[in-house]
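Listing of target-v7.csv; format and content: CSV, C-alpha atoms.
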chain,number,residue,atom,x,y,z
A,1228,MET,CA,-27.4,36.2,117.6
A,1229,GLY,CA,-27.3,32.4,118.1
A,1230,THR,CA,-29.4,31.4,115.2
A,1231,LYS,CA,-29.6,31.7,111.4
A,1232,GLN,CA,-33.2,31.0,111.3
A,1233,THR,CA,-35.3,33.7,109.7
A,1234,ILE,CA,-38.3,35.5,111.1
A,1235,ARG,CA,-40.5,34.0,108.4
A,1236,SER,CA,-39.7,30.5,109.3
A,1237,LEU,CA,-40.0,31.2,113.1
A,1238,ALA,CA,-43.4,32.8,112.6
A,1239,ALA,CA,-44.6,29.9,110.6
A,1240,LEU,CA,-43.4,27.4,113.2
A,1241,ALA,CA,-44.9,29.4,116.0
A,1242,ALA,CA,-48.2,29.5,114.2
A,1243,ALA,CA,-48.1,25.7,113.9
A,1244,GLY,CA,-47.2,25.3,117.6
A,1245,LEU,CA,-43.8,23.9,116.7
A,1246,ALA,CA,-41.4,26.8,117.3
A,1247,LEU,CA,-39.6,25.0,120.0
A,1248,THR,CA,-39.8,21.6,121.7
A,1249,ALA,CA,-41.1,21.2,125.2
A,1250,CYS,CA,-39.1,18.5,126.8
A,1251,GLY,CA,-41.0,16.6,129.4
A,1252,SER,CA,-44.0,18.8,129.3
A,1253,THR,CA,-47.6,17.6,129.7
A,1254,SER,CA,-48.8,19.4,126.6
A,1255,SER,CA,-50.9,17.6,124.0
A,1256,SER,CA,-49.3,16.7,120.6
A,1257,SER,CA,-48.8,19.4,118.1
A,1258,SER,CA,-51.0,17.7,115.6
A,1259,ALA,CA,-54.0,19.2,117.4
A,1260,ALA,CA,-52.5,22.6,117.5
A,1261,GLY,CA,-54.6,25.3,115.9
A,1262,SER,CA,-57.6,23.1,115.7
A,1263,GLY,CA,-59.6,25.4,118.0
A,1264,SER,CA,-60.7,22.5,120.2
A,1265,ASP,CA,-58.9,24.1,123.2
A,1266,CYS,CA,-59.9,27.6,122.3
A,1267,THR,CA,-61.2,29.9,125.1
A,1268,ALA,CA,-62.6,33.1,123.8
A,1269,GLY,CA,-61.2,36.3,125.2
A,1270,GLN,CA,-57.8,34.9,126.3
A,1271,LYS,CA,-55.2,37.6,126.9
A,1272,ILE,CA,-51.4,37.9,127.5
A,1273,ALA,CA,-50.5,40.6,129.9
A,1274,PHE,CA,-47.4,42.9,129.8
A,1275,LEU,CA,-46.2,44.6,133.0
A,1276,GLY,CA,-43.5,47.3,132.6
A,1277,ALA,CA,-42.9,50.9,131.6
A,1278,THR,CA,-44.6,52.3,128.6
A,1279,THR,CA,-44.4,55.9,129.8
A,1280,GLY,CA,-41.9,57.8,132.0
A,1281,ASP,CA,-38.2,57.8,131.9
A,1282,ALA,CA,-37.9,54.1,131.0
A,1283,GLY,CA,-40.9,54.1,128.6
A,1284,ALA,CA,-38.7,53.7,125.5
A,1285,LEU,CA,-37.4,50.3,126.7
A,1286,GLY,CA,-40.9,49.1,127.6
A,1287,LEU,CA,-42.3,50.1,124.2
A,1288,ASN,CA,-39.6,48.0,122.6
A,1289,MET,CA,-40.9,45.1,124.5
A,1290,VAL,CA,-44.5,45.8,123.6
A,1291,GLY,CA,-43.6,46.0,120.0
A,1292,GLY,CA,-42.1,42.5,120.1
A,1293,ILE,CA,-45.2,41.1,121.8
A,1294,LYS,CA,-47.5,42.7,119.2
A,1295,LEU,CA,-45.5,41.3,116.3
A,1296,ALA,CA,-45.7,37.8,117.8
A,1297,LEU,CA,-49.5,38.1,118.4
A,1298,ASP,CA,-50.0,39.5,114.9
A,1299,ASP,CA,-48.4,36.5,113.4
A,1300,TYR,CA,-50.3,34.1,115.6
A,1301,ASN,CA,-53.7,35.7,115.3
A,1302,LYS,CA,-53.5,35.7,111.5
A,1303,ALA,CA,-53.1,31.9,111.7
A,1304,HIS,CA,-55.8,31.6,114.4
A,1305,SER,CA,-58.6,33.9,113.3
A,1306,ASP,CA,-61.1,31.6,114.9
A,1307,CYS,CA,-59.6,32.2,118.3
A,1308,THR,CA,-57.3,35.2,118.6
A,1309,ILE,CA,-55.4,36.2,121.7
A,1310,ALA,CA,-55.2,39.9,122.9
A,1311,LEU,CA,-52.6,41.9,124.7
A,1312,LYS,CA,-53.4,43.8,127.9
A,1313,ILE,CA,-50.8,46.4,128.9
A,1314,TYR,CA,-50.1,47.4,132.5
A,1315,ASP,CA,-47.9,50.5,132.6
A,1316,SER,CA,-45.8,50.5,135.8
A,1317,GLN,CA,-43.4,53.1,134.6
A,1318,GLY,CA,-40.8,50.6,135.9
A,1319,ASN,CA,-41.7,51.6,139.5
A,1320,PRO,CA,-42.0,48.7,142.0
A,1321,GLU,CA,-44.6,50.7,144.0
A,1322,LYS,CA,-46.8,51.2,141.0
A,1323,ALA,CA,-46.3,47.6,139.8
A,1324,THR,CA,-47.5,46.0,143.0
A,1325,PRO,CA,-51.2,46.9,142.7
A,1326,LEU,CA,-51.0,46.2,139.0
A,1327,ALA,CA,-49.9,42.7,139.8
A,1328,THR,CA,-53.0,42.2,141.9
A,1329,GLN,CA,-55.1,43.4,139.0
A,1330,ILE,CA,-53.4,40.9,136.6
A,1331,VAL,CA,-53.9,37.8,138.8
A,1332,GLY,CA,-57.5,38.9,139.4
A,1333,ASP,CA,-58.3,38.8,135.7
A,1334,ASP,CA,-59.2,35.2,134.8
A,1335,SER,CA,-58.8,36.0,131.0
A,1336,ILE,CA,-55.0,36.5,131.4
A,1337,VAL,CA,-53.3,33.2,130.6
A,1338,ALA,CA,-49.6,34.4,131.1
A,1339,LEU,CA,-47.4,37.4,131.6
A,1340,VAL,CA,-44.6,38.8,129.4
A,1341,GLY,CA,-42.6,40.7,132.0
A,1342,PRO,CA,-42.1,42.2,134.4
A,1343,GLY,CA,-39.8,44.5,132.4
A,1344,PHE,CA,-37.6,45.6,135.2
A,1345,SER,CA,-35.8,44.0,138.1
A,1346,GLY,CA,-37.2,46.1,141.0
A,1347,GLU,CA,-40.8,45.4,139.9
A,1348,SER,CA,-40.0,41.7,139.4
A,1349,LEU,CA,-38.8,41.4,143.0
A,1350,ALA,CA,-41.8,43.4,144.2
A,1351,THR,CA,-44.4,41.3,142.3
A,1352,GLY,CA,-42.9,37.8,141.9
A,1353,LYS,CA,-44.5,36.5,145.1
A,1354,THR,CA,-48.0,37.6,143.9
A,1355,PHE,CA,-47.6,35.9,140.5
A,1356,ASN,CA,-46.1,32.8,142.0
A,1357,ALA,CA,-48.9,32.4,144.5
A,1358,ALA,CA,-51.5,32.7,141.7
A,1359,GLY,CA,-49.5,30.2,139.6
A,1360,LEU,CA,-49.4,32.7,136.7
A,1361,PRO,CA,-46.7,31.7,134.2
A,1362,SER,CA,-44.4,34.6,133.4
A,1363,ILE,CA,-41.4,35.2,131.1
A,1364,SER,CA,-39.4,38.4,131.5
A,1365,PRO,CA,-37.6,39.7,128.4
A,1366,SER,CA,-35.3,42.1,130.3
A,1367,ALA,CA,-35.2,41.8,134.1
A,1368,THR,CA,-31.6,40.8,134.9
A,1369,ASN,CA,-31.1,41.0,138.7
A,1370,VAL,CA,-29.5,37.8,139.9
A,1371,THR,CA,-31.5,37.4,143.1
A,1372,ILE,CA,-34.9,37.2,141.2
A,1373,THR,CA,-34.4,33.6,140.4
A,1374,GLN,CA,-33.1,32.8,143.9
A,1375,GLN,CA,-36.5,33.5,145.5
A,1376,GLY,CA,-37.9,30.0,144.9
A,1377,TRP,CA,-40.6,31.2,142.5
A,1378,THR,CA,-41.5,28.4,140.1
A,1379,THR,CA,-43.5,30.5,137.6
A,1380,TRP,CA,-40.8,33.1,136.9
A,1381,HIS,CA,-38.5,32.8,133.8
A,1382,ARG,CA,-36.3,35.1,131.7
A,1383,VAL,CA,-35.0,34.8,128.2
A,1384,ILE,CA,-32.0,37.1,128.8
A,1385,GLY,CA,-28.7,36.7,130.6
A,1386,ASN,CA,-28.5,37.9,134.2
A,1387,ASP,CA,-26.3,40.6,135.8
A,1388,SER,CA,-23.7,38.1,136.9
A,1389,ALA,CA,-23.0,37.2,133.3
A,1390,GLN,CA,-23.0,40.8,132.1
A,1391,GLY,CA,-20.9,42.1,135.0
A,1392,ALA,CA,-18.2,39.5,134.3
A,1393,ALA,CA,-18.2,40.4,130.6
A,1394,VAL,CA,-18.0,44.1,131.4
A,1395,ALA,CA,-15.0,43.5,133.7
A,1396,LYS,CA,-13.4,41.4,130.9
A,1397,TYR,CA,-13.9,44.1,128.4
A,1398,LEU,CA,-12.4,46.8,130.6
A,1399,GLN,CA,-9.3,44.7,131.3
A,1400,ASN,CA,-8.7,43.0,128.0
A,1401,THR,CA,-10.1,45.4,125.4
A,1402,ALA,CA,-10.0,48.8,127.0
A,1403,LYS,CA,-6.8,48.0,128.9
A,1404,ALA,CA,-8.0,50.1,131.8
A,1405,LYS,CA,-5.6,50.6,134.7
A,1406,LYS,CA,-8.0,52.3,137.1
A,1407,VAL,CA,-11.8,52.0,137.0
A,1408,PHE,CA,-14.3,54.0,139.0
A,1409,VAL,CA,-17.7,52.3,139.5
A,1410,VAL,CA,-21.0,54.2,140.1
A,1411,ALA,CA,-24.4,52.6,140.8
A,1412,ASP,CA,-27.9,54.1,141.0
A,1413,ASP,CA,-30.3,53.0,143.8
A,1414,SER,CA,-32.3,50.5,141.7
A,1415,ASP,CA,-32.1,46.7,142.2
A,1416,TYR,CA,-30.8,46.5,138.7
A,1417,GLY,CA,-28.1,49.2,138.9
A,1418,LYS,CA,-26.8,48.0,142.3
A,1419,GLY,CA,-26.7,44.4,141.3
A,1420,LEU,CA,-24.9,44.9,138.0
A,1421,ALA,CA,-22.3,47.3,139.4
A,1422,SER,CA,-21.5,44.9,142.2
A,1423,TYR,CA,-20.7,42.1,139.7
A,1424,VAL,CA,-18.5,44.6,137.7
A,1425,LYS,CA,-16.6,45.4,140.9
A,1426,ASP,CA,-16.2,41.8,141.7
A,1427,GLY,CA,-14.7,41.1,138.3
A,1428,LEU,CA,-12.4,44.0,138.4
A,1429,GLY,CA,-10.9,43.4,141.8
A,1430,SER,CA,-8.0,45.7,142.6
A,1431,LEU,CA,-8.5,47.7,139.4
A,1432,VAL,CA,-11.4,49.5,141.1
A,1433,THR,CA,-10.0,52.8,142.3
A,1434,GLY,CA,-13.2,54.3,143.7
A,1435,THR,CA,-17.0,53.9,143.9
A,1436,ASP,CA,-20.0,56.1,144.4
A,1437,ASN,CA,-23.8,55.9,144.6
A,1438,VAL,CA,-26.4,58.1,143.0
A,1439,ALA,CA,-30.2,58.2,142.9
A,1440,THR,CA,-32.7,57.6,140.1
A,1441,GLY,CA,-34.1,60.9,139.1
A,1442,GLN,CA,-30.9,62.7,140.2
A,1443,THR,CA,-29.8,65.5,137.8
A,1444,ASP,CA,-26.8,67.1,139.6
A,1445,PHE,CA,-23.7,64.8,139.5
A,1446,SER,CA,-21.1,67.3,140.4
A,1447,ALA,CA,-20.0,65.4,143.5
A,1448,THR,CA,-19.5,62.2,141.5
A,1449,VAL,CA,-17.7,64.1,138.7
A,1450,THR,CA,-15.3,65.4,141.3
A,1451,ALA,CA,-14.7,62.0,142.8
A,1452,VAL,CA,-14.1,60.3,139.4
A,1453,LYS,CA,-11.6,63.0,138.4
A,1454,ALA,CA,-9.8,62.9,141.8
A,1455,SER,CA,-9.4,59.1,141.5
A,1456,GLY,CA,-7.3,59.3,138.4
A,1457,ALA,CA,-9.5,56.7,136.7
A,1458,ASP,CA,-9.0,56.1,133.0
A,1459,ALA,CA,-12.3,54.3,132.8
A,1460,MET,CA,-15.6,54.3,134.7
A,1461,PHE,CA,-18.7,52.1,134.7
A,1462,TYR,CA,-22.2,53.2,135.5
A,1463,GLY,CA,-24.9,50.7,136.7
A,1464,GLY,CA,-28.3,52.2,136.0
A,1465,TYR,CA,-30.6,53.5,133.3
A,1466,TYR,CA,-30.1,55.9,130.4
A,1467,PRO,CA,-31.7,59.1,131.8
A,1468,GLU,CA,-29.1,59.4,134.6
A,1469,ALA,CA,-26.3,57.7,132.6
A,1470,GLY,CA,-26.7,60.3,129.8
A,1471,LEU,CA,-26.6,63.3,132.2
A,1472,LEU,CA,-23.7,61.8,134.1
A,1473,ALA,CA,-21.7,61.3,130.9
A,1474,LYS,CA,-22.5,64.9,129.9
A,1475,GLN,CA,-21.4,66.4,133.2
A,1476,LEU,CA,-18.2,64.2,133.3
A,1477,ARG,CA,-17.1,65.6,129.9
A,1478,GLN,CA,-18.0,69.1,130.9
A,1479,GLY,CA,-15.9,68.6,134.1
A,1480,GLY,CA,-12.9,67.6,132.0
A,1481,TYR,CA,-13.0,63.8,132.4
A,1482,THR,CA,-11.4,62.2,129.3
A,1483,GLY,CA,-11.5,58.5,130.1
A,1484,LEU,CA,-13.8,55.8,128.9
A,1485,PHE,CA,-17.5,55.9,129.9
A,1486,MET,CA,-19.2,52.5,130.1
A,1487,SER,CA,-22.6,51.4,131.1
A,1488,GLY,CA,-24.9,48.3,130.8
A,1489,ASP,CA,-28.1,47.4,129.1
A,1490,GLY,CA,-30.2,49.9,131.1
A,1491,SER,CA,-28.4,52.6,129.1
A,1492,GLU,CA,-28.2,50.8,125.7
A,1493,ASP,CA,-30.7,53.0,124.0
A,1494,PRO,CA,-30.5,56.0,121.6
A,1495,ALA,CA,-32.1,58.0,124.5
A,1496,PHE,CA,-28.7,57.8,126.2
A,1497,VAL,CA,-27.2,59.8,123.4
A,1498,ALA,CA,-30.1,62.3,123.5
A,1499,ALA,CA,-29.6,62.8,127.3
A,1500,ALA,CA,-25.8,63.1,127.1
A,1501,GLY,CA,-25.5,65.1,123.8
A,1502,ALA,CA,-23.7,63.7,120.8
A,1503,GLN,CA,-20.3,65.1,121.7
A,1504,ALA,CA,-20.3,63.8,125.3
A,1505,ALA,CA,-21.7,60.4,124.3
A,1506,ASN,CA,-19.1,59.7,121.6
A,1507,GLY,CA,-16.8,56.9,122.5
A,1508,ALA,CA,-19.1,55.4,125.2
A,1509,ILE,CA,-19.5,51.7,125.4
A,1510,LEU,CA,-22.8,50.3,126.4
A,1511,THR,CA,-23.2,46.5,127.0
A,1512,ALA,CA,-26.3,44.3,126.7
A,1513,PRO,CA,-27.1,40.6,126.9
A,1514,ALA,CA,-28.9,41.0,123.6
A,1515,GLY,CA,-27.7,41.3,120.0
A,1516,PRO,CA,-29.3,43.4,117.2
A,1517,ALA,CA,-32.5,42.3,115.6
A,1518,PRO,CA,-32.0,40.3,112.3
A,1519,ALA,CA,-32.7,42.4,109.2
A,1520,ASP,CA,-35.9,40.5,108.2
A,1521,PHE,CA,-37.2,40.7,111.8
A,1522,ASN,CA,-36.6,44.4,111.9
A,1523,ALA,CA,-38.3,45.0,108.5
A,1524,LYS,CA,-41.4,43.1,109.6
A,1525,TYR,CA,-41.3,44.9,113.0
A,1526,LYS,CA,-41.1,48.3,111.4
A,1527,ALA,CA,-43.9,47.5,109.0
A,1528,LEU,CA,-46.2,46.7,111.9
A,1529,ILE,CA,-45.0,49.0,114.7
A,1530,GLY,CA,-43.9,52.0,112.6
A,1531,SER,CA,-40.4,52.2,114.2
A,1532,PRO,CA,-37.3,50.0,114.2
A,1533,ALA,CA,-36.9,47.2,116.7
A,1534,GLY,CA,-35.0,48.1,119.8
A,1535,LEU,CA,-33.4,46.5,122.8
A,1536,TYR,CA,-35.5,43.6,124.1
A,1537,SER,CA,-37.8,43.5,121.1
A,1538,THR,CA,-36.6,40.1,120.0
A,1539,GLN,CA,-36.6,38.8,123.5
A,1540,SER,CA,-40.3,39.9,123.9
A,1541,PHE,CA,-41.1,38.3,120.6
A,1542,ASP,CA,-39.5,35.0,121.7
A,1543,ALA,CA,-41.1,35.1,125.1
A,1544,THR,CA,-44.6,35.6,123.6
A,1545,ASN,CA,-44.1,32.8,121.1
A,1546,ILE,CA,-43.1,30.4,123.8
A,1547,ILE,CA,-46.4,31.1,125.6
A,1548,LEU,CA,-48.4,30.9,122.3
A,1549,ALA,CA,-46.8,27.6,121.4
A,1550,GLY,CA,-47.8,26.2,124.8
A,1551,LEU,CA,-51.4,27.4,124.4
A,1552,ASP,CA,-51.5,26.0,120.8
A,1553,ALA,CA,-50.4,22.6,122.1
A,1554,GLY,CA,-53.4,22.5,124.4
A,1555,ASN,CA,-51.9,23.7,127.7
A,1556,THR,CA,-54.8,25.7,128.9
A,1557,SER,CA,-54.3,25.6,132.6
A,1558,HIS,CA,-51.7,27.8,134.3
A,1559,ALA,CA,-49.9,24.7,135.7
A,1560,ASP,CA,-49.7,22.9,132.4
A,1561,LEU,CA,-48.5,26.1,130.6
A,1562,ASN,CA,-45.9,26.7,133.2
A,1563,THR,CA,-44.6,23.1,132.8
A,1564,PHE,CA,-44.4,23.7,129.1
A,1565,ILE,CA,-42.4,26.9,129.5
A,1566,GLY,CA,-40.0,25.3,131.9
A,1567,GLY,CA,-39.2,22.5,129.4
A,1568,TYR,CA,-39.1,24.8,126.4
A,1569,THR,CA,-35.9,24.5,124.3
A,1570,GLY,CA,-35.0,25.7,120.8
A,1571,ASP,CA,-33.7,28.6,118.7
A,1572,GLY,CA,-35.5,32.0,119.0
A,1573,VAL,CA,-34.8,35.2,117.1
A,1574,SER,CA,-32.8,36.4,120.1
A,1575,GLY,CA,-30.7,33.2,120.2
A,1576,PRO,CA,-30.8,29.7,121.8
A,1577,ILE,CA,-33.5,29.3,124.5
A,1578,ALA,CA,-33.6,26.8,127.3
A,1579,PHE,CA,-34.3,27.4,131.0
A,1580,ASP,CA,-32.5,25.9,134.0
A,1581,SER,CA,-34.4,24.7,137.1
A,1582,LYS,CA,-34.6,28.3,138.5
A,1583,GLY,CA,-35.9,29.9,135.3
A,1584,ASP,CA,-32.7,31.4,134.1
A,1585,ILE,CA,-31.8,31.1,130.5
A,1586,LYS,CA,-28.9,28.7,130.1
A,1587,GLN,CA,-26.9,30.5,127.4
A,1588,SER,CA,-26.4,34.2,126.8
A,1589,THR,CA,-23.9,36.3,124.8
A,1590,ILE,CA,-23.0,39.8,126.1
A,1591,PHE,CA,-22.4,42.4,123.4
A,1592,ALA,CA,-20.6,45.8,123.5
A,1593,TYR,CA,-22.2,48.6,121.6
A,1594,LYS,CA,-20.4,51.8,120.7
A,1595,VAL,CA,-21.5,55.4,120.4
A,1596,ALA,CA,-19.7,56.9,117.3
A,1597,GLY,CA,-20.4,60.0,115.2
A,1598,GLY,CA,-23.1,61.1,117.6
A,1599,LYS,CA,-25.1,57.9,117.2
A,1600,LEU,CA,-25.4,54.6,119.1
A,1601,ASP,CA,-24.4,51.9,116.6
A,1602,THR,CA,-27.1,49.3,117.3
A,1603,ALA,CA,-26.3,47.2,114.2
A,1604,ASN,CA,-22.6,46.3,114.8
A,1605,PRO,CA,-21.9,45.3,118.4
A,1606,THR,CA,-18.9,43.3,119.4
A,1607,PRO,CA,-19.5,40.0,121.3
A,1608,ILE,CA,-17.5,40.0,124.5
A,1609,LYS,CA,-15.5,36.7,124.7
Representation of the structure as structure tokens:
Amino acid sequence: MGTKQTIRSLAALAAAGLALTACGSTSSSSSAAGSGSDCTAGQKIAFLGATTGDAGALGLNMVGGIKLALDDYNKAHSDCTIALKIYDSQGNPEKATPLATQIVGDDSIVALVGPGFSGESLATGKTFNAAGLPSISPSATNVTITQQGWTTWHRVIGNDSAQGAAVAKYLQNTAKAKKVFVVADDSDYGKGLASYVKDGLGSLVTGTDNVATGQTDFSATVTAVKASGADAMFYGGYYPEAGLLAKQLRQGGYTGLFMSGDGSEDPAFVAAAGAQAANGAILTAPAGPAPADFNAKYKALIGSPAGLYSTQSFDATNIILAGLDAGNTSHADLNTFIGGYTGDGVSGPIAFDSKGDIKQSTIFAYKVAGGKLDTANPTPIK
């Protein structure tokens, strides 16, 4: 996970405005943090992402992490609490676009945790950048997002280039695959990740195919995978389609390895595929499991275990809160603070490069065994 620091110490540090150090920022000294002198009543942090629809489970994981960070902070700042405002895009870029306009039009919103997905990030980044609204995504991984020149966009998770290279390494060195078939959905995330997997595999790629989000009949893809003689296949996309594809592949007689990325790394993948078809699947993610003490505290507040992106959302929120606590009340000052932020979060070491990408990220391989996704014991891909 990149840190041995416990959630208790992190929460205490965040409450004191000392969770991480902002190198070169224009923030005031931490001795004034929590004094209330810079308090602005009614301040909010926004979340933009899916909380309903097919991708809602992933978005709710993020919301849980934000709520936990705010709960810790507000208990220590009862004189000036900060609220959360949720904008449910269902992960759809078209739905996210008008929501972004609403967010930047609300003067009470000081920063954004999100967007949660790559497509909506690409669709809304220009709006947030023009408004100067600082944002930290816990989960959007498309490489091109940080190539747009947006100075307010950051992410606390490794991008698709890093994950794609790790997937290719796993297929070659661990799975010992000889022929790999690569399938991508039509999302910016799925296409991007699959392209980096193909690049890493080179001549091992024996065939490719494209499917659509929302598709339910994968018979043509099943036929192509089987005809290719592939002993492994990779799917770039999200768990609703990944689960159905895995199910139909097994029903069609495919016996090779099924592998997918973080868009599928959720128990909902097993539910969609069925336990028997899901068994043996490898799902990668640029995120490790939540530490036990974090998970216990999360479950006590949220009522369910932490999931993929919960720790990243917690860390993203605490970065914003530390900046506010240090007196960075303007968008420009808070954005400068975020850009210079460095330290250890629950999700691992955090520091941003000049484009807003996290500098260091470990990719993990999760396995489905016994009809369940083992979220507690992933293998770091080295």
Point out the residue among A:Tyr1481, A:Phe1274, A:Tyr1465, A:Tyr1593 with the least atom-to-atom distance to Tyr1416 of chain A, counting only C-alpha atoms. A:Tyr1465
Neighbouring residues of segment 1269-1272 of chain A were defined as those with any atom within 12 Å, considering only C-alpha atoms; residues of the same chain fewer than 4 positions away were excluded. Please report them as a PDB file with C-alpha atoms, in the frame of the given file.
ATOM      1  CA  ASP A1265     -58.900  24.100 123.200  1.00  0.00           C
ATOM      2  CA  VAL A1290     -44.500  45.800 123.600  1.00  0.00           C
ATOM      3  CA  ILE A1293     -45.200  41.100 121.800  1.00  0.00           C
ATOM      4  CA  LYS A1294     -47.500  42.700 119.200  1.00  0.00           C
ATOM      5  CA  ALA A1296     -45.700  37.800 117.800  1.00  0.00           C
ATOM      6  CA  LEU A1297     -49.500  38.100 118.400  1.00  0.00           C
ATOM      7  CA  ASN A1301     -53.700  35.700 115.300  1.00  0.00           C
ATOM      8  CA  ASP A1306     -61.100  31.600 114.900  1.00  0.00           C
ATOM      9  CA  CYS A1307     -59.600  32.200 118.300  1.00  0.00           C
ATOM     10  CA  THR A1308     -57.300  35.200 118.600  1.00  0.00           C
ATOM     11  CA  ILE A1309     -55.400  36.200 121.700  1.00  0.00           C
ATOM     12  CA  ALA A1310     -55.200  39.900 122.900  1.00  0.00           C
ATOM     13  CA  LEU A1311     -52.600  41.900 124.700  1.00  0.00           C
ATOM     14  CA  LYS A1312     -53.400  43.800 127.900  1.00  0.00           C
ATOM     15  CA  ILE A1313     -50.800  46.400 128.900  1.00  0.00           C
ATOM     16  CA  TYR A1314     -50.100  47.400 132.500  1.00  0.00           C
ATOM     17  CA  ILE A1330     -53.400  40.900 136.600  1.00  0.00           C
ATOM     18  CA  VAL A1331     -53.900  37.800 138.800  1.00  0.00           C
ATOM     19  CA  ASP A1333     -58.300  38.800 135.700  1.00  0.00           C
ATOM     20  CA  ASP A1334     -59.200  35.200 134.800  1.00  0.00           C
ATOM     21  CA  SER A1335     -58.800  36.000 131.000  1.00  0.00           C
ATOM     22  CA  ILE A1336     -55.000  36.500 131.400  1.00  0.00           C
ATOM     23  CA  VAL A1337     -53.300  33.200 130.600  1.00  0.00           C
ATOM     24  CA  ALA A1338     -49.600  34.400 131.100  1.00  0.00           C
ATOM     25  CA  LEU A1339     -47.400  37.400 131.600  1.00  0.00           C
ATOM     26  CA  VAL A1340     -44.600  38.800 129.400  1.00  0.00           C
ATOM     27  CA  GLY A1341     -42.600  40.700 132.000  1.00  0.00           C
ATOM     28  CA  LEU A1360     -49.400  32.700 136.700  1.00  0.00           C
ATOM     29  CA  PRO A1361     -46.700  31.700 134.200  1.00  0.00           C
ATOM     30  CA  SER A1362     -44.400  34.600 133.400  1.00  0.00           C
ATOM     31  CA  ILE A1363     -41.400  35.200 131.100  1.00  0.00           C
ATOM     32  CA  SER A1540     -40.300  39.900 123.900  1.00  0.00           C
ATOM     33  CA  ALA A1543     -41.100  35.100 125.100  1.00  0.00           C
ATOM     34  CA  THR A1544     -44.600  35.600 123.600  1.00  0.00           C
ATOM     35  CA  ASN A1545     -44.100  32.800 121.100  1.00  0.00           C
ATOM     36  CA  ILE A1546     -43.100  30.400 123.800  1.00  0.00           C
ATOM     37  CA  ILE A1547     -46.400  31.100 125.600  1.00  0.00           C
ATOM     38  CA  LEU A1548     -48.400  30.900 122.300  1.00  0.00           C
ATOM     39  CA  LEU A1551     -51.400  27.400 124.400  1.00  0.00           C
ATOM     40  CA  THR A1556     -54.800  25.700 128.900  1.00  0.00           C
ATOM     41  CA  SER A1557     -54.300  25.600 132.600  1.00  0.00           C
TER      42      SER A1557
END
Got a sec: who's within 12 Å of Leu1285 of chain A, counting all atoms listed in the file, leaving out chain neighbours fewer than 4 positions off, as a ChimeraX atom specification? /A:1276-1281,1289-1292,1317-1318,1343-1344,1365-1367,1465-1467,1489-1496,1533-1537,1539-1540
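Separating atom CA of Ala1395 of chain A from atom CA of Lys1418 of chain A is a distance of 15.3 Å.
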Can you list, as JSON, numbers by chain, every protein, DNA or RNA residue that comes within 7 Å of Gly1572 of chain A when you count all atoms listed in the file, leaving out same-chain residues fewer than 4 positions away? {"A": [1542, 1576, 1577]}
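Considering only C-alpha atoms, the residue among A:Val1407, A:Ala1273, A:Ala1357, A:Leu1295 positioned nearest to Leu1528 of chain A is A:Leu1295.
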Pick the closest to Ala1519 of chain A from A:Gly1583, A:Ala1603, A:Asp1299, A:Gly1501: which is it, counting all atoms listed in the file?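 Nearest to Ala1519 of chain A: A:Ala1603.
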Could you list, as an mmCIF file with C-alpha atoms, in the frame of the given file, every residue within 10 Å of Ala1389 of chain A, counting only C-alpha atoms and ignoring same-chain residues fewer than 4 positions away?
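The result, written out as part.cif:
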data_model
loop_
_atom_site.group_PDB
_atom_site.id
_atom_site.type_symbol
_atom_site.label_atom_id
_atom_site.label_comp_id
_atom_site.auth_asym_id
_atom_site.auth_seq_id
_atom_site.Cartn_x
_atom_site.Cartn_y
_atom_site.Cartn_z
ATOM 1 C CA THR A 1368 -31.600 40.800 134.900
ATOM 2 C CA VAL A 1370 -29.500 37.800 139.900
ATOM 3 C CA GLY A 1385 -28.700 36.700 130.600
ATOM 4 C CA ALA A 1393 -18.200 40.400 130.600
ATOM 5 C CA VAL A 1394 -18.000 44.100 131.400
ATOM 6 C CA LEU A 1420 -24.900 44.900 138.000
ATOM 7 C CA TYR A 1423 -20.700 42.100 139.700
ATOM 8 C CA VAL A 1424 -18.500 44.600 137.700
ATOM 9 C CA PRO A 1513 -27.100 40.600 126.900
ATOM 10 C CA GLN A 1587 -26.900 30.500 127.400
ATOM 11 C CA SER A 1588 -26.400 34.200 126.800
ATOM 12 C CA THR A 1589 -23.900 36.300 124.800
ATOM 13 C CA ILE A 1590 -23.000 39.800 126.100
#
Ala1498 of chain A proximity check over A:Val1432, A:Leu1471, A:Ala1512, A:Ala1454, using all atoms listed in the file: winner is A:Leu1471
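If all atoms listed in the file are the atoms counted, then among A:Lys1406, A:Arg1477, A:Arg1382, A:Lys1524 the closest residue to Asn1369 of chain A is A:Arg1382.
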Expressed in Å, the length from atom CA of Thr1324 of chain A to atom CA of Gly1352 of chain A is 9.5 Å
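In this structure, atom CA of Asp1387 of chain A sits 26.9 Å away from atom CA of Lys1453 of chain A.
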Can you work out which one of A:Leu1484, A:Pro1532, A:Asn1437, A:Asp1520 has the shortest atom-to-atom distance to Ala1284 of chain A, counting all atoms listed in the file?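 Checking each of A:Leu1484, A:Pro1532, A:Asn1437, A:Asp1520 against Ala1284 of chain A, counting all atoms listed in the file, the winner is A:Pro1532.
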